[in-house]
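Listing of my_file-v9.txt; format and content: compact mmCIF, C-alpha atoms.
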# COMPACT_ATOMS: atom_id res chain seq x y z
CA MET A 1 112.27 106.05 111.12
CA ARG A 2 112.23 108.50 108.26
CA LYS A 3 109.19 109.24 106.14
CA ILE A 4 109.36 108.89 102.34
CA THR A 5 107.08 111.17 100.34
CA GLY A 6 106.69 110.96 96.59
CA ALA A 7 105.46 114.14 94.87
CA ALA A 8 104.70 113.98 91.16
CA PHE A 9 103.59 116.40 88.47
CA LEU A 10 101.22 114.48 86.19
CA SER A 11 99.19 115.04 83.06
CA LEU A 12 95.59 113.87 83.10
CA ASP A 13 96.62 110.77 81.15
CA GLY A 14 99.29 109.94 83.72
CA VAL A 15 102.49 111.21 82.04
CA MET A 16 105.20 112.64 84.28
CA GLN A 17 108.09 112.82 81.81
CA ALA A 18 110.19 115.97 81.41
CA PRO A 19 107.94 118.58 83.01
CA GLY A 20 110.77 121.07 83.46
CA GLY A 21 112.25 121.81 80.03
CA PRO A 22 112.24 120.94 76.31
CA ALA A 23 115.58 119.06 76.47
CA GLU A 24 115.10 117.55 79.93
CA ASP A 25 114.29 113.99 78.84
CA PRO A 26 113.44 113.27 75.17
CA THR A 27 113.87 109.49 75.54
CA GLY A 28 111.27 107.40 73.77
CA GLY A 29 110.67 110.23 71.31
CA PHE A 30 108.97 112.41 73.91
CA ASP A 31 108.57 115.85 72.34
CA GLN A 32 106.51 117.72 74.93
CA GLY A 33 109.31 118.51 77.37
CA GLY A 34 108.69 121.56 79.52
CA TRP A 35 104.92 121.01 79.51
CA LEU A 36 104.60 122.08 83.14
CA PHE A 37 105.74 125.63 82.49
CA ARG A 38 103.62 125.94 79.36
CA ILE A 39 100.53 125.59 81.58
CA TRP A 40 101.93 126.72 84.94
CA ASP A 41 99.38 126.85 87.74
CA PRO A 42 100.24 129.20 90.64
CA GLY A 43 97.68 127.27 92.68
CA ILE A 44 100.18 124.47 93.37
CA GLU A 45 102.74 126.81 94.92
CA GLU A 46 101.19 126.32 98.36
CA THR A 47 101.70 122.55 98.04
CA LEU A 48 105.28 122.96 96.86
CA GLY A 49 106.05 125.50 99.58
CA SER A 50 104.82 123.11 102.26
CA LEU A 51 106.68 120.17 100.72
CA PHE A 52 110.04 121.91 100.49
CA SER A 53 109.94 123.93 103.69
CA GLY A 54 112.32 122.91 106.42
CA ASP A 55 115.06 120.31 106.10
CA TYR A 56 114.76 117.22 103.91
CA ASP A 57 116.81 114.81 101.84
CA LEU A 58 116.13 113.72 98.26
CA LEU A 59 115.61 110.21 96.92
CA LEU A 60 116.18 110.10 93.16
CA GLY A 61 116.55 107.74 90.25
CA ARG A 62 119.77 108.03 88.30
CA ARG A 63 118.38 109.96 85.32
CA THR A 64 116.57 112.48 87.50
CA TYR A 65 119.77 112.87 89.49
CA ASP A 66 121.68 113.59 86.27
CA ILE A 67 119.09 116.21 85.26
CA PHE A 68 119.18 117.88 88.66
CA ALA A 69 122.99 117.74 88.98
CA ALA A 70 123.38 119.48 85.62
CA TYR A 71 120.99 122.28 86.59
CA TRP A 72 120.54 123.04 90.26
CA PRO A 73 124.18 123.58 91.36
CA TYR A 74 124.41 126.32 88.71
CA ALA A 75 121.03 127.97 89.26
CA THR A 76 121.00 131.68 90.13
CA GLY A 77 118.51 134.47 90.63
CA ASP A 78 115.07 133.41 91.84
CA ASN A 79 116.18 129.76 91.79
CA LYS A 80 119.17 130.29 94.10
CA PRO A 81 117.29 129.45 97.35
CA MET A 82 116.19 126.11 95.91
CA SER A 83 119.69 125.53 94.57
CA ASP A 84 121.12 126.07 98.05
CA ALA A 85 118.50 123.83 99.67
CA PHE A 86 119.12 121.00 97.21
CA GLY A 87 122.85 121.43 97.74
CA ARG A 88 122.47 121.01 101.51
CA ALA A 89 120.22 117.98 101.17
CA ASN A 90 121.64 114.49 100.97
CA LYS A 91 120.90 113.11 97.51
CA TYR A 92 120.27 109.36 97.72
CA VAL A 93 120.49 107.92 94.20
CA LEU A 94 118.92 104.53 93.55
CA THR A 95 120.99 103.08 90.71
CA ARG A 96 122.61 99.83 89.63
CA GLY A 97 125.38 101.73 87.85
CA GLN A 98 128.73 102.86 89.18
CA GLN A 99 128.89 106.27 87.55
CA ALA A 100 130.41 109.13 89.54
CA LEU A 101 128.02 111.11 91.75
CA GLU A 102 129.87 114.39 91.86
CA TRP A 103 127.19 116.73 93.23
CA GLU A 104 127.90 117.50 96.87
CA ASN A 105 126.24 115.26 99.47
CA SER A 106 125.36 112.56 96.95
CA ARG A 107 125.14 108.94 98.05
CA ARG A 108 124.59 105.77 96.04
CA LEU A 109 121.90 103.22 96.92
CA SER A 110 122.27 100.01 94.93
CA SER A 111 119.01 98.28 95.84
CA VAL A 112 115.58 98.65 97.38
CA ALA A 113 117.05 97.00 100.48
CA ASP A 114 119.49 99.92 100.69
CA VAL A 115 116.52 102.31 100.58
CA ALA A 116 114.85 100.38 103.41
CA ARG A 117 118.01 100.60 105.51
CA THR A 118 118.32 104.33 104.84
CA LYS A 119 114.67 104.86 105.74
CA ALA A 120 115.20 103.04 109.05
CA GLU A 121 118.16 105.23 110.01
CA PRO A 122 117.79 108.47 111.97
CA GLY A 123 117.77 111.49 109.69
CA ARG A 124 115.71 113.85 107.64
CA ASP A 125 112.60 112.77 105.78
CA LEU A 126 113.05 111.90 102.10
CA ILE A 127 111.28 113.46 99.13
CA ILE A 128 111.13 111.78 95.71
CA GLN A 129 111.14 114.10 92.73
CA GLY A 130 110.73 112.83 89.18
CA SER A 131 112.25 109.34 89.11
CA SER A 132 109.33 107.46 87.56
CA THR A 133 111.25 104.18 87.36
CA ILE A 134 111.77 103.80 91.12
CA TYR A 135 108.11 104.04 92.16
CA PRO A 136 106.94 100.48 91.34
CA ALA A 137 109.68 98.80 93.38
CA LEU A 138 109.31 101.18 96.33
CA LEU A 139 105.54 100.74 96.36
CA GLN A 140 105.96 96.96 96.12
CA ALA A 141 108.26 97.09 99.16
CA GLY A 142 105.87 99.31 101.13
CA LEU A 143 108.45 102.06 101.53
CA ILE A 144 106.41 105.09 100.42
CA ASP A 145 104.51 106.72 103.29
CA GLU A 146 102.77 109.46 101.34
CA LEU A 147 102.08 110.07 97.67
CA ILE A 148 101.18 113.55 96.45
CA THR A 149 99.91 113.82 92.89
CA MET A 150 99.49 117.17 91.15
CA THR A 151 97.40 116.33 88.10
CA PHE A 152 97.17 119.08 85.50
CA PRO A 153 94.28 119.38 83.01
CA VAL A 154 96.34 118.41 79.98
CA MET A 155 96.81 115.21 77.95
CA LEU A 156 100.25 114.43 76.53
CA GLY A 157 99.50 111.18 74.73
CA HIS A 158 102.71 109.31 75.48
CA GLY A 159 105.66 109.37 77.83
CA LYS A 160 106.89 107.89 81.09
CA ARG A 161 104.19 107.30 83.65
CA LEU A 162 104.16 107.25 87.43
CA PHE A 163 102.72 103.75 87.73
CA GLY A 164 104.84 101.65 85.40
CA LYS A 165 105.49 97.94 85.07
CA GLY A 166 105.76 96.23 88.45
CA THR A 167 103.37 98.53 90.31
CA PRO A 168 101.60 96.40 92.94
CA VAL A 169 97.87 95.92 93.34
CA ALA A 170 97.00 97.95 96.43
CA LEU A 171 94.56 100.42 97.90
CA LEU A 172 95.43 104.02 98.66
CA GLU A 173 93.65 106.18 101.20
CA MET A 174 93.14 109.82 100.25
CA THR A 175 93.97 112.03 103.23
CA LYS A 176 93.24 115.41 101.65
CA HIS A 177 92.65 116.97 98.28
CA ARG A 178 91.84 120.21 96.55
CA VAL A 179 91.40 121.56 93.04
CA THR A 180 93.05 124.84 92.08
CA GLU A 181 91.26 127.60 90.19
CA LYS A 182 93.01 126.45 87.01
CA GLY A 183 91.82 122.89 87.47
CA THR A 184 94.90 121.12 88.83
CA ALA A 185 93.88 118.32 91.20
CA VAL A 186 96.21 118.01 94.20
CA ALA A 187 95.68 114.76 96.10
CA HIS A 188 97.49 113.32 99.10
CA TYR A 189 97.43 109.55 99.63
CA ARG A 190 98.80 107.07 102.14
CA PRO A 191 98.91 103.27 101.89
CA GLY A 192 95.47 101.75 102.30
CA GLY A 193 96.18 98.03 102.46
CA GLU A 194 95.33 95.20 100.09
CA LEU A 195 92.53 95.22 97.55
CA PRO A 196 89.76 93.05 99.04
CA PRO A 197 88.38 90.00 97.21
CA TYR A 198 85.37 90.16 94.92
CA PRO A 199 82.40 90.42 97.32
CA ALA A 200 79.78 87.71 97.58
CA GLU A 201 77.00 90.28 97.21
CA ALA A 202 78.39 91.61 93.92
CA PRO A 203 76.63 90.72 90.64
CA ILE A 204 77.00 87.04 89.65
CA PRO A 205 79.09 86.63 86.47
CA ALA A 206 77.09 85.83 83.36
CA THR A 207 76.73 82.18 82.35
CA SER A 208 74.92 82.61 79.01
CA GLU A 209 76.03 80.67 75.96
CA ARG A 210 77.30 83.93 74.49
CA GLU A 211 79.40 84.59 77.59
CA VAL A 212 80.76 81.03 77.55
CA ALA A 213 81.78 81.55 73.92
CA ARG A 214 83.39 84.89 74.77
CA GLN A 215 85.40 83.29 77.59
CA ALA A 216 86.56 80.59 75.17
CA GLU A 217 87.78 83.28 72.78
CA ILE A 218 89.64 84.99 75.62
CA ALA A 219 91.34 81.70 76.52
CA ALA A 220 92.27 81.12 72.89
CA GLY A 221 93.63 84.63 72.48
CA THR A 222 91.17 85.45 69.68
CA TRP A 223 88.88 87.87 71.51

Taking this structure as input, can you express it in the form of structure tokens?
Amino acid sequence: MRKITGAAFLSLDGVMQAPGGPAEDPTGGFDQGGWLFRIWDPGIEETLGSLFSGDYDLLLGRRTYDIFAAYWPYATGDNKPMSDAFGRANKYVLTRGQQALEWENSRRLSSVADVARTKAEPGRDLIIQGSSTIYPALLQAGLIDELITMTFPVMLGHGKRLFGKGTPVALLEMTKHRVTEKGTAVAHYRPGGELPPYPAEAPIPATSEREVARQAEIAAGTW
């Protein structure tokens, strides 16, 4: 069975939208595109080198695929090795649409069930890049084996976030972490099971008249 690893560049307030360039993804009025290279941290290069060494395939959402397909096949100079590596990789695109996938070695996945079948097949491990919209469903289905977050010391205020609507309630187990000299926190997680119930030894909820009144306001939607 293949391993699926998600690796995400994040701001401290959880935004992962358009790290690569000003025009990469302005949807929702996002005007901070290219933020990653405005605060580039060489300390994450070790993480990226380890992630993208060897052979791998890519698992992408449709918009990230469009961004990559418009850039990487045409990259030259220092970016040519990554261009070649991405070209060799199978690009599995999770999308409900039927648009053409013209980049070499691109394959359509129409559902999370298709991702599960692909994961179960023999082949290279899969790396998710970008693709914020596919994380909730994949986490809900238990298909992500490792999550690597690279959290930069910057706040962006708004934008697409890694853990969007539909993200399940679950524990994660940190397997390793480090902080670069510039303050980027690199953390590796694996699934950690279900969140346990509220423990019996925890503080007993308040039962004062004031708390009863507050609960009534919550129920009435006036709190």

*Tell me, as a PyMOL selection string, which residues lie within 6 Å of range 91-106 of chain A, counting only C-alpha atoms; anything in the same chain fewer than 6 positions away does not count.*
chain A and resi 58-62

*Separation of CA of Ile67 in chain A and CA of Arg190 in chain A, in Å?*
27.9 Å

*asked:* I'd like the neighbourhood of range 124-138 of chain A as a list in words, where a residue qualifies if any of its atoms comes within 6 Å (using all atoms listed in the file), though same-chain residues fewer than 3 positions away should be ignored.
replied: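 That gives Arg2, Lys3, Ile4, Thr5, Gly6, Tyr56, Asp57, Leu58, Leu59, Leu60, Gly61, Thr64, Ala141, Leu143, Leu162, Gly166 and Thr167 of chain A.
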
*Would you please work out which residue, of A:Glu146, A:Ala220, A:Gly87, A:Phe152, is nearest to Leu51 in chain A when using all atoms listed in the file?*
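The closest residue to Leu51 in chain A is A:Glu146.
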
*Between CA of Gly164 in chain A and CA of Gly28 in chain A, what is the distance, to one decimal in Å?*
14.5 Å

Neighbours of Trp223 in chain A within 12 Å (all atoms listed in the file; same-chain residues fewer than 4 positions away dropped), as a short mmCIF file (atom, residue, chain, number, x, y, z; two decimals) with C-alpha atoms, keeping the file's coordinate frame?
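What follows is the written file selection03.cif:
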data_model
loop_
_atom_site.label_atom_id
_atom_site.label_comp_id
_atom_site.auth_asym_id
_atom_site.auth_seq_id
_atom_site.Cartn_x
_atom_site.Cartn_y
_atom_site.Cartn_z
CA GLU A 211 79.40 84.59 77.59
CA ALA A 213 81.78 81.55 73.92
CA ARG A 214 83.39 84.89 74.77
CA GLN A 215 85.40 83.29 77.59
CA ALA A 216 86.56 80.59 75.17
CA GLU A 217 87.78 83.28 72.78
CA ILE A 218 89.64 84.99 75.62
CA ALA A 219 91.34 81.70 76.52
#
